[in-house]
file input_19.cif (mmCIF, C-alpha atoms)
data_start
loop_
_atom_site.label_atom_id
_atom_site.label_comp_id
_atom_site.auth_asym_id
_atom_site.auth_seq_id
_atom_site.Cartn_x
_atom_site.Cartn_y
_atom_site.Cartn_z
CA MET A 920 -69.27 -48.60 -32.23
CA PRO A 921 -66.47 -48.13 -29.70
CA GLU A 922 -66.52 -45.10 -27.46
CA PRO A 923 -63.93 -42.51 -28.55
CA THR A 924 -61.07 -41.96 -26.12
CA VAL A 925 -61.62 -38.75 -24.21
CA ILE A 926 -58.49 -36.64 -23.78
CA ASP A 927 -58.95 -33.76 -21.41
CA SER A 928 -57.53 -30.37 -22.35
CA ALA A 929 -54.70 -30.56 -19.79
CA THR A 930 -53.42 -33.88 -21.13
CA ASP A 931 -53.87 -32.72 -24.68
CA SER A 932 -51.73 -29.65 -24.12
CA ILE A 933 -48.71 -31.61 -22.83
CA PRO A 934 -46.15 -31.67 -25.63
CA LYS A 935 -44.97 -35.05 -26.84
CA VAL A 936 -42.05 -36.26 -28.90
CA HIS A 937 -42.33 -39.67 -30.58
CA ASP A 938 -45.41 -40.43 -28.45
CA GLU A 939 -43.42 -39.85 -25.25
CA VAL A 940 -44.15 -36.94 -22.97
CA SER A 941 -41.60 -34.23 -23.69
CA VAL A 942 -39.46 -33.20 -20.73
CA GLY A 943 -40.06 -29.58 -21.67
CA ALA A 944 -36.39 -28.76 -22.14
CA ASN A 945 -35.76 -25.57 -24.05
CA LEU A 946 -32.07 -25.17 -24.70
CA GLU A 947 -32.57 -22.00 -26.75
CA PHE A 948 -34.24 -20.26 -23.79
CA GLN A 949 -31.68 -21.74 -21.39
CA ARG A 950 -28.78 -20.36 -23.48
CA LYS A 951 -30.42 -16.90 -23.40
CA TRP A 952 -30.81 -17.26 -19.63
CA TRP A 953 -27.13 -18.20 -19.21
CA ARG A 954 -26.17 -15.07 -21.18
CA PHE A 955 -28.49 -13.03 -18.94
CA GLU A 956 -26.95 -14.66 -15.83
CA HIS A 957 -23.49 -13.78 -17.13
CA ILE A 958 -24.52 -10.13 -17.53
CA VAL A 959 -26.16 -10.07 -14.09
CA TRP A 960 -23.03 -11.50 -12.42
CA SER A 961 -20.96 -8.81 -14.20
CA VAL A 962 -23.37 -6.15 -12.89
CA PHE A 963 -23.12 -7.65 -9.38
CA PHE A 964 -19.32 -7.44 -9.60
CA LEU A 965 -19.45 -3.79 -10.75
CA ILE A 966 -21.89 -2.92 -7.93
CA LEU A 967 -19.57 -4.49 -5.35
CA LEU A 968 -16.55 -2.72 -6.84
CA ALA A 969 -18.41 0.63 -6.80
CA ASP A 970 -19.44 -0.05 -3.20
CA LEU A 971 -15.85 -0.78 -2.16
CA LEU A 972 -14.79 2.52 -3.74
CA GLY A 973 -17.52 4.35 -1.87
CA ALA A 974 -19.89 5.16 -4.75
CA PHE A 975 -22.76 4.15 -2.47
CA GLY A 976 -21.48 6.02 0.57
CA ARG A 977 -19.13 5.23 3.45
CA GLY A 978 -16.01 5.13 1.29
CA TRP A 979 -13.35 7.07 -0.54
CA LEU A 980 -15.60 8.43 -3.33
CA ALA A 981 -18.25 9.54 -0.84
CA LYS A 982 -16.00 11.75 1.25
CA ALA A 983 -15.78 15.45 0.38
CA HIS A 984 -14.66 18.69 1.92
CA ARG A 985 -15.23 22.39 1.34
CA SER A 986 -13.47 25.42 2.78
CA THR A 987 -14.01 29.14 3.02
CA PRO A 988 -11.50 31.18 0.96
CA ASP A 989 -9.39 32.04 4.04
CA GLN A 990 -9.60 28.46 5.38
CA ALA A 991 -11.29 29.76 8.54
CA LEU A 992 -13.80 26.91 8.19
CA THR A 993 -13.34 23.57 6.49
CA VAL A 994 -16.27 21.17 6.32
CA ASP A 995 -15.73 17.41 5.95
CA TYR A 996 -18.93 15.72 4.85
CA GLU A 997 -20.21 12.77 2.85
CA ARG A 998 -21.52 13.68 -0.59
CA ILE A 999 -23.22 10.27 -0.69
CA ALA A 1000 -24.87 8.86 2.42
CA ARG A 1001 -27.26 6.03 3.19
CA ALA A 1002 -30.67 6.34 4.78
CA SER A 1003 -30.88 5.38 8.46
CA THR A 1004 -27.10 5.06 8.58
CA PRO A 1005 -24.98 7.28 10.85
CA SER A 1006 -22.43 9.65 9.33
CA ILE A 1007 -20.37 12.54 10.69
CA LEU A 1008 -20.24 16.16 9.54
CA SER A 1009 -17.01 17.73 10.82
CA LEU A 1010 -16.38 21.46 11.03
CA HIS A 1011 -12.70 22.39 11.33
CA PHE A 1012 -12.00 25.91 12.53
CA SER A 1013 -8.71 27.79 12.10
CA PRO A 1014 -7.66 30.98 13.98
CA PRO A 1015 -9.76 33.48 11.94
CA ALA A 1016 -12.93 31.63 13.04
CA ILE A 1017 -12.32 32.18 16.76
CA ARG A 1018 -13.31 35.59 18.09
CA ASP A 1019 -13.40 36.47 21.78
CA ASN A 1020 -12.99 32.78 22.66
CA HIS A 1021 -16.15 31.93 20.76
CA ILE A 1022 -17.04 30.42 17.41
CA GLN A 1023 -20.35 31.40 15.87
CA VAL A 1024 -21.58 29.23 13.02
CA PHE A 1025 -24.88 29.00 11.15
CA LEU A 1026 -26.26 25.63 10.04
CA SER A 1027 -29.22 25.47 7.66
CA ASP A 1028 -32.40 23.66 8.73
CA SER A 1029 -31.74 20.89 6.18
CA ILE A 1030 -28.86 19.63 8.36
CA ILE A 1031 -31.24 19.27 11.28
CA GLN A 1032 -34.24 17.92 9.36
CA GLN A 1033 -33.38 16.14 6.09
CA LEU A 1034 -29.90 15.06 7.13
CA GLY A 1035 -31.15 14.14 10.61
CA ALA A 1036 -28.66 15.78 12.99
CA GLN A 1037 -28.63 13.64 16.13
CA ARG A 1038 -25.92 15.12 18.32
CA ILE A 1039 -23.47 18.01 18.30
CA SER A 1040 -20.12 17.67 20.01
CA PRO A 1041 -19.12 19.79 21.87
CA GLN A 1042 -22.41 21.21 23.04
CA PRO A 1043 -22.96 24.82 21.98
CA VAL A 1044 -23.16 27.54 24.59
CA VAL A 1045 -26.00 29.26 22.79
CA SER A 1046 -28.38 28.11 20.03
CA ALA A 1047 -30.54 30.62 18.21
CA ALA A 1048 -33.11 29.64 15.59
CA GLY A 1049 -33.85 31.91 12.64
CA GLU A 1050 -33.17 32.72 8.96
CA GLY A 1051 -33.85 29.15 7.89
CA GLY A 1052 -31.46 27.52 10.28
CA ILE A 1053 -29.82 27.58 13.67
CA THR A 1054 -26.88 29.75 14.74
CA TYR A 1055 -24.69 27.96 17.26
CA THR A 1056 -22.15 29.64 19.50
CA PHE A 1057 -19.37 27.40 20.81
CA ALA A 1058 -16.83 28.22 23.50
CA ALA A 1059 -13.31 27.91 22.07
CA THR A 1060 -9.75 28.42 23.25
CA ARG A 1061 -7.23 28.26 20.42
CA ALA A 1062 -7.24 26.83 16.92
CA PRO A 1063 -7.44 24.20 15.62
CA ALA A 1064 -10.96 23.46 16.84
CA ILE A 1065 -13.35 20.80 15.66
CA VAL A 1066 -17.11 20.49 16.00
CA GLN A 1067 -18.69 17.20 15.00
CA ILE A 1068 -22.34 16.67 14.12
CA SER A 1069 -23.71 13.14 14.03
CA LEU A 1070 -26.16 12.71 11.16
CA GLN A 1071 -28.65 9.98 10.39
CA PRO A 1072 -30.78 10.87 7.37
CA GLN A 1073 -34.12 9.11 7.20
CA PHE A 1074 -35.25 9.69 3.62
CA PRO A 1075 -33.46 9.28 0.31
CA GLY A 1076 -32.84 12.11 -2.11
CA SER A 1077 -30.51 15.05 -2.64
CA HIS A 1078 -30.38 17.38 0.36
CA ALA A 1079 -28.58 20.74 0.01
CA PHE A 1080 -27.20 22.41 3.10
CA ARG A 1081 -25.46 25.66 4.06
CA ILE A 1082 -22.89 26.36 6.75
CA GLN A 1083 -21.66 29.88 7.43
CA LEU A 1084 -19.34 31.58 9.87
CA ALA A 1085 -20.20 35.10 10.96
CA ASN A 1086 -18.79 37.60 8.43
CA GLU A 1087 -17.61 34.81 6.10
CA PRO A 1088 -18.99 33.56 2.81
CA ALA A 1089 -21.29 30.56 3.15
CA ILE A 1090 -20.25 27.02 2.30
CA GLN A 1091 -22.94 25.33 0.27
CA ALA A 1092 -22.96 21.65 -0.55
CA SER A 1093 -25.34 18.74 -0.86
CA THR A 1094 -25.55 15.15 0.24
CA PHE A 1095 -27.26 12.51 -1.83
CA VAL A 1096 -28.96 10.02 0.44
CA LEU A 1097 -29.40 6.51 -0.96
CA PRO A 1098 -32.27 4.31 0.21
CA MET B 912 -43.53 7.54 4.72
CA ALA B 913 -45.97 4.69 4.08
CA THR B 914 -45.36 4.55 0.32
CA PHE B 915 -41.63 4.19 0.84
CA ILE B 916 -42.12 1.36 3.35
CA LEU B 917 -44.34 -0.57 0.92
CA PHE B 918 -41.94 0.12 -1.95
CA ARG B 919 -39.12 -1.34 0.15
CA ALA B 920 -41.17 -4.50 0.71
CA VAL B 921 -41.90 -4.88 -3.03
CA PHE B 922 -38.27 -4.23 -3.95
CA GLY B 923 -37.00 -6.68 -1.32
CA TYR B 924 -39.32 -9.41 -2.58
CA LEU B 925 -38.47 -8.95 -6.26
CA PHE B 926 -34.76 -8.63 -5.50
CA LEU B 927 -34.79 -11.91 -3.56
CA VAL B 928 -36.70 -13.63 -6.39
CA LEU B 929 -33.98 -12.47 -8.81
CA ILE B 930 -31.12 -13.48 -6.52
CA VAL B 931 -32.49 -16.94 -5.83
CA ARG B 932 -33.13 -17.41 -9.55
CA ILE B 933 -29.61 -16.24 -10.46
CA VAL B 934 -27.83 -18.23 -7.77
CA GLY B 935 -29.27 -21.25 -9.48
CA ARG B 936 -30.69 -24.69 -8.93
CA ARG B 937 -28.84 -27.36 -7.05
CA PRO B 938 -29.69 -31.00 -7.41
CA GLY B 939 -30.99 -32.90 -4.43
CA LYS B 940 -34.17 -33.37 -2.49
CA GLN B 941 -32.93 -31.61 0.65
CA LEU B 942 -31.14 -28.37 1.32
CA THR B 943 -27.50 -28.80 2.20
CA PRO B 944 -26.06 -26.81 5.16
CA PHE B 945 -24.36 -24.66 2.53
CA GLU B 946 -27.77 -23.68 1.11
CA PHE B 947 -29.32 -23.24 4.56
CA VAL B 948 -26.74 -20.52 5.23
CA LEU B 949 -27.60 -18.82 1.94
CA ILE B 950 -31.37 -18.88 2.48
CA PHE B 951 -31.31 -17.68 6.10
CA TYR B 952 -28.60 -15.10 5.56
CA LEU B 953 -30.31 -13.62 2.49
CA GLY B 954 -33.61 -13.52 4.36
CA GLY B 955 -32.09 -11.86 7.42
CA LEU B 956 -30.19 -9.25 5.45
CA THR B 957 -33.23 -8.39 3.35
CA LEU B 958 -35.35 -8.09 6.47
CA THR B 959 -32.96 -5.53 7.96
CA GLY B 960 -33.24 -3.29 4.91
CA ILE B 961 -36.98 -3.69 4.47
CA VAL B 962 -38.09 -3.16 8.06
CA GLY B 963 -35.41 -0.62 8.95
CA THR B 964 -36.13 1.22 12.17
CA GLU B 965 -39.89 0.93 11.75
CA ALA B 966 -40.66 -2.16 13.79
CA SER B 967 -44.36 -1.47 14.42
CA LEU B 968 -47.09 -4.11 14.08
CA THR B 969 -48.81 -1.89 11.49
CA ASN B 970 -45.64 -1.84 9.44
CA ALA B 971 -45.26 -5.62 9.69
CA ILE B 972 -48.87 -6.24 8.64
CA THR B 973 -48.80 -3.83 5.68
CA GLN B 974 -45.47 -5.23 4.46
CA ILE B 975 -46.68 -8.84 4.79
CA LEU B 976 -49.83 -7.93 2.84
CA THR B 977 -47.70 -6.21 0.20
CA ILE B 978 -45.46 -9.25 -0.24
CA ALA B 979 -48.48 -11.58 -0.29
CA SER B 980 -50.02 -9.41 -3.03
CA CYS B 981 -46.78 -9.45 -5.02
CA HIS B 982 -46.62 -13.22 -4.72
CA TYR B 983 -50.25 -13.54 -5.83
CA VAL B 984 -49.65 -11.32 -8.88
CA LEU B 985 -46.52 -13.25 -9.88
CA SER B 986 -48.35 -16.56 -9.42
CA ARG B 987 -51.22 -15.37 -11.63
CA LEU B 988 -48.79 -14.16 -14.29
CA ARG B 989 -46.93 -17.46 -14.07
CA ALA B 990 -50.14 -19.44 -14.55
CA ARG B 991 -51.17 -17.37 -17.55
CA SER B 992 -47.90 -16.97 -19.41
CA THR B 993 -45.35 -19.58 -20.44
CA ARG B 994 -42.84 -16.79 -20.94
CA VAL B 995 -43.23 -15.61 -17.32
CA THR B 996 -43.01 -19.22 -16.09
CA ARG B 997 -39.74 -19.68 -17.96
CA ILE B 998 -38.32 -16.46 -16.53
CA LEU B 999 -39.42 -17.08 -12.94
CA CYS B 1000 -38.88 -20.82 -12.70
CA GLY B 1001 -36.61 -21.66 -15.62
CA VAL B 1002 -36.99 -24.66 -17.89
CA PRO B 1003 -35.99 -28.29 -17.41
CA VAL B 1004 -32.59 -28.98 -18.92
CA THR B 1005 -31.34 -32.26 -20.30
CA LEU B 1006 -28.14 -33.49 -18.68
CA PHE B 1007 -27.81 -36.86 -20.37
CA GLN B 1008 -29.53 -38.33 -23.40
CA GLN B 1009 -28.92 -41.12 -25.88
CA GLY B 1010 -25.70 -42.22 -24.20
CA ALA B 1011 -24.12 -38.78 -24.17
CA TRP B 1012 -23.49 -36.27 -21.44
CA HIS B 1013 -24.56 -32.69 -22.24
CA THR B 1014 -21.31 -31.21 -21.02
CA GLU B 1015 -22.18 -27.58 -21.73
CA THR B 1016 -25.36 -27.87 -19.67
CA LEU B 1017 -23.60 -29.74 -16.85
CA SER B 1018 -20.91 -27.09 -16.71
CA LYS B 1019 -23.26 -24.10 -16.88
CA MET B 1020 -25.59 -25.59 -14.27
CA ARG B 1021 -22.58 -26.38 -12.05
CA ILE B 1022 -23.51 -30.06 -11.86
CA GLN B 1023 -21.15 -33.03 -12.09
CA ASP B 1024 -21.90 -36.34 -13.74
CA ASP B 1025 -21.45 -37.88 -10.27
CA ASP B 1026 -24.50 -35.92 -9.09
CA VAL B 1027 -26.54 -37.53 -11.86
CA MET B 1028 -25.19 -40.98 -11.06
CA ASP B 1029 -26.08 -40.47 -7.36
CA ILE B 1030 -29.71 -40.05 -8.37
CA ALA B 1031 -29.51 -42.86 -10.92
CA ARG B 1032 -28.32 -45.30 -8.24
CA GLU B 1033 -31.42 -44.43 -6.18
CA SER B 1034 -33.42 -45.78 -9.14
CA GLY B 1035 -31.33 -48.95 -9.28
CA ILE B 1036 -29.31 -47.85 -12.30
CA LYS B 1037 -25.64 -48.69 -11.92
CA SER B 1038 -24.09 -47.22 -15.04
CA PRO B 1039 -24.76 -44.43 -17.57
CA SER B 1040 -25.83 -47.05 -20.11
CA GLY B 1041 -28.94 -47.61 -18.00
CA ILE B 1042 -29.96 -43.98 -18.25
CA GLY B 1043 -32.20 -43.03 -21.16
CA THR B 1044 -32.58 -39.37 -20.26
CA ALA B 1045 -31.51 -37.37 -17.20
CA VAL B 1046 -33.24 -34.05 -16.69
CA LEU B 1047 -32.62 -31.28 -14.18
CA GLU B 1048 -36.12 -30.15 -13.28
CA THR B 1049 -37.10 -26.56 -12.50
CA PHE B 1050 -37.59 -27.45 -8.81
CA GLY B 1051 -33.99 -28.63 -8.57
CA GLU B 1052 -34.37 -32.39 -8.68
CA ILE B 1053 -32.78 -34.63 -11.28
CA SER B 1054 -35.25 -36.98 -12.99
CA ILE B 1055 -33.92 -40.18 -14.48
CA LEU B 1056 -35.77 -41.91 -17.30
CA PRO B 1057 -34.23 -45.40 -17.75
CA THR B 1058 -33.43 -46.75 -21.19
CA PRO B 1059 -36.38 -48.76 -22.50
CA SER B 1060 -34.39 -52.00 -22.65
CA LYS B 1061 -33.28 -51.66 -19.02
CA LYS B 1062 -36.81 -50.70 -17.94
CA ASP B 1063 -38.15 -53.94 -19.33
CA GLU B 1064 -35.63 -56.07 -17.45
CA PRO B 1065 -37.14 -57.72 -14.36
CA ASN B 1066 -34.43 -56.51 -11.92
CA ALA B 1067 -34.13 -52.97 -13.27
#
call {"tool": "encode", "arguments": {"input": "input_19.cif", "output": "structure tokens"}}
result
Amino acid sequence: MPEPTVIDSATDSIPKVHDEVSVGANLEFQRKWWRFEHIVWSVFFLILLADLLGAFGRGWLAKAHRSTPDQALTVDYERIARASTPSILSLHFSPPAIRDNHIQVFLSDSIIQQLGAQRISPQPVVSAAGEGGITYTFAATRAPAIVQISLQPQFPGSHAFRIQLANEPAIQASTFVLP
Amino acid sequence: MATFILFRAVFGYLFLVLIVRIVGRRPGKQLTPFEFVLIFYLGGLTLTGIVGTEASLTNAITQILTIASCHYVLSRLRARSTRVTRILCGVPVTLFQQGAWHTETLSKMRIQDDDVMDIARESGIKSPSGIGTAVLETFGEISILPTPSKKDEPNA
């Protein structure tokens, strides 16, 4: 009696068509994949468009500004920023902000910590820590005056901050930091 | 934050897997200069985002271990599941069979009939009539199965 042909499990599991090994083509799956690819390319296009508009920071949609009611202080900031990427927080002062050739402004701790303040230009004459932030005193001549703070946030998330001139209502805003 | 660093490594790996899968297969046994640019540029850009400012040896080792673990998990899933294999690697697609070009597949895979004939000539096949089946494999090569009559000819 002849020995039966032994077919191992690996060989047995290979699909065959008309006794020929099937190439394994699966057009139904491939058509689904092409549809998926089409959707993904559309998403890629939308992401790039949103990026060009500034939806992910460093663009038109990301820029924002707030002012006190009397326009003594206007803050230009980025409502959307990117982690480990430099950005600038600009404080614009008009005549009511300058008293006795000095400008005194309070910045909340979140600007220093979460938003990663790196450098303040010009340098303040006096810095005083307290009340959840730092009060800076800058020497000033006449308006308009600008103070710029270089930021470089390290961690993603929404970070609220507060900026206040002496005897003025506070400006409160937040920056959303993307990873 | 250590968790964030490892998350960045995982995200970078999975994102690159998706991008390479979406960009698609190209026929040929060797990378063209065009594809070299893609591979190195994607790798470099991903590296910048994953490593960031944290260029310590500890960071490098933990991120390498993270990516190795991700690769191991995906490989295990791929070995166990046909569905995962199809998603990660794709399926072979037929480009030519029974004397007819599969034009939809050629177009969607961004392959020209000349690409198929290039490979066919390597097998000594001079015209489409000598091709039984042409398949674009998951690893990017085009396999040519000659027509049975041609295969039996002594000079084929």
call {"tool": "residues_around", "arguments": {"input": "input_19.cif", "residues": "A:Ser986", "least_positions_apart": "5", "cutoff": "10 Å", "atoms": "all atoms listed in the file", "output": "PyMOL selection string"}}
result
chain A and resi 991-995+1010-1012+1088-1091
call {"tool": "closest_residue", "arguments": {"input": "input_19.cif", "among": "A:Thr1054, A:Asp989, A:Leu1034, A:Phe975", "to": "A:His1078", "atoms": "all atoms listed in the file"}}
result
A:Leu1034
call {"tool": "interface_residues", "arguments": {"input": "input_19.cif", "of": "chain B", "to": "chain A", "cutoff": "7 Å", "atoms": "all atoms listed in the file", "output": "list in words"}}
result
Ile933, Val1002, Pro1003, Val1004 and Thr1005 of chain B
call {"tool": "resolve_selection", "arguments": {"input": "input_19.cif", "expression": "the PyMOL selection byres ((chain A and resi 1057-1071) around 9)", "output": "PyMOL selection string"}}
result
chain A and resi 1000-1024+1030-1031+1033-1045+1055-1056+1072-1073
call {"tool": "write_last_selection", "arguments": {"input": "input_19.cif", "atoms": "C-alpha atoms", "output": "compact mmCIF listing (two decimals), in the frame of the given file"}}
result
# COMPACT_ATOMS: atom_id res chain seq x y z
CA ALA A 1000 -24.87 8.86 2.42
CA ARG A 1001 -27.26 6.03 3.19
CA ALA A 1002 -30.67 6.34 4.78
CA SER A 1003 -30.88 5.38 8.46
CA THR A 1004 -27.10 5.06 8.58
CA PRO A 1005 -24.98 7.28 10.85
CA SER A 1006 -22.43 9.65 9.33
CA ILE A 1007 -20.37 12.54 10.69
CA LEU A 1008 -20.24 16.16 9.54
CA SER A 1009 -17.01 17.73 10.82
CA LEU A 1010 -16.38 21.46 11.03
CA HIS A 1011 -12.70 22.39 11.33
CA PHE A 1012 -12.00 25.91 12.53
CA SER A 1013 -8.71 27.79 12.10
CA PRO A 1014 -7.66 30.98 13.98
CA PRO A 1015 -9.76 33.48 11.94
CA ALA A 1016 -12.93 31.63 13.04
CA ILE A 1017 -12.32 32.18 16.76
CA ARG A 1018 -13.31 35.59 18.09
CA ASP A 1019 -13.40 36.47 21.78
CA ASN A 1020 -12.99 32.78 22.66
CA HIS A 1021 -16.15 31.93 20.76
CA ILE A 1022 -17.04 30.42 17.41
CA GLN A 1023 -20.35 31.40 15.87
CA VAL A 1024 -21.58 29.23 13.02
CA ILE A 1030 -28.86 19.63 8.36
CA ILE A 1031 -31.24 19.27 11.28
CA GLN A 1033 -33.38 16.14 6.09
CA LEU A 1034 -29.90 15.06 7.13
CA GLY A 1035 -31.15 14.14 10.61
CA ALA A 1036 -28.66 15.78 12.99
CA GLN A 1037 -28.63 13.64 16.13
CA ARG A 1038 -25.92 15.12 18.32
CA ILE A 1039 -23.47 18.01 18.30
CA SER A 1040 -20.12 17.67 20.01
CA PRO A 1041 -19.12 19.79 21.87
CA GLN A 1042 -22.41 21.21 23.04
CA PRO A 1043 -22.96 24.82 21.98
CA VAL A 1044 -23.16 27.54 24.59
CA VAL A 1045 -26.00 29.26 22.79
CA TYR A 1055 -24.69 27.96 17.26
CA THR A 1056 -22.15 29.64 19.50
CA PRO A 1072 -30.78 10.87 7.37
CA GLN A 1073 -34.12 9.11 7.20
call {"tool": "atom_distance", "arguments": {"input": "input_19.cif", "atom1": "atom CA of B:Glu1015", "atom2": "atom CA of B:Ile1030"}}
result
19.8 Å
